[in-house]
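J.: Got a structure for you, questions after.
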Amino acid sequence: MSGFVEKPEPVQVPGLVHLHTGKVRDLYRDGDDNLVMVASDRMSAFDWVLPTEIPDKGRVLTQLSLWWFDQLADITPNHVISTELPVGAPADWAGRTLICQNLDMVAIECVARGYLTGSGLAEYRQTRTVCGLALPEGLEDGSELPAPIFTPAAKAEVGEHDENVSYEEVARTTGPETAALLRQATLAVYGRARDIARERGIILADTKFEFGFAKDGVLVAADEVLTPDSSRFWPADLWQPGRAQPSFDKQYVRDWLASPASGWDRHGELPPPPLPQDVVERTRAKYIEAYERLTGQTWKSWT
C-alpha cells in the first residue's frame, strides 16, 4: 500500500477549477486557461505522502525554482507567467504559487546523473548499467561518472514508484525527435546547474526535470527545477565515495522512517507515522540551507 496517509481537501477559490492534488503540488486552471500551481508543505517518502508537513517547504521549492529558472533562461524557456496571487486566493498561497503556461506535457521524468547512487546504483550493482547505459567497473556509492548520463523514468501516479526506462523506450513512446530534444535539454541544464552548484561548494549528484511543449512547438521546462525534492545535493567538502553521502534533501526523513525509532515497517500494510518535531525542524533547516547556499541569499531576507 502507498499514497496519501490523509489526502487533503482542495482549497476552493472563486474563478479557479481544481484539477489535481499531487504529492506536493495542487493544480488549478484559471479563466484564461492558464495553470495555477501551488506548492504545499507536504512531504513524501517511500511513495507515501506523510501526515506531517514541513513548514515553509513549499515556499522554498517555489523560490528556489524561480531562482534556477533565471540562471537557465538562456538554455531553456520555462512555464512561469506570473507569481501574483489569483484574486481571492488565501494569504497562505503567497510565495508558493505560480501562474504557468498550459503545456502539452511529456509523460517522462527526465533524469540526469553525474554521480552513482540511488536506483542507478542498485541497477549498476546487478548489471553494470544504468537505464541500459554501460558504465565502467569499480564504481561505488557516490562515485562520479565519467560523464553525465540521461536516465529517464516513466512518470508514476501518486503512491506508485517511477520506473527507470531506456532511451530507446523513450524514443518509442515519444518519437525519436522528442527523445533527442529531451536528452539534449536535460544534459545541458544539468551541466549548467552542476557548475553553478560546484562554485557554491555543493555537488549536484542527480536531478530530474519535466518538460512540455508550448502551443508554438517549443520545448519548455515545467514543474519545479533543481530543488531538494527533485535533486540530490551533497556538500562537496564531505563527499566520500563508498558510502551514503550527507545531503540537503529529504534523506533525513527517509533515514528516520527506516530506523527502529519510527517503529514503522516500510514493507508492511500500515501507513507511516507522524514525524517527530526534531525531524521536522532538522528537515526544514536542510531545505533552507540548500536555498541559502545556492542562491547566496538568506531565507529571512526573502520572507
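By order of appearance in the C-alpha cells: chains A, B, ..., then residues from 1 within every chain, and ligands from 1 in the order shown.
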Please give the complete set of residues from region 80-300 of chain A that DSSP, run on the backbone, assigns to helix (DSSP H, G or I), formatted as a ChimeraX atom specification.
T.: /A:91-93,118-127,167-174,176-199,236-238,251-258,260-262,277-295,299-300
J.: Using only C-alpha atoms, determine which residues lie at most 8 Å from Pro77 (chain A), disregarding the query and same-chain residues fewer than 4 positions distant; provide the list as a list in words.
T.: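 Those residues are Leu72, Ala73, Leu219, Val220 and Ala221 of chain A.
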J.: Taking only region 106-182 of chain A into account, list the residues labelled strand (DSSP E or B) by DSSP (computed from the backbone), as an MDAnalysis selection string.
T.: chainID A and resid 108:115 129:130 133:134 144:150 153:154 163:164
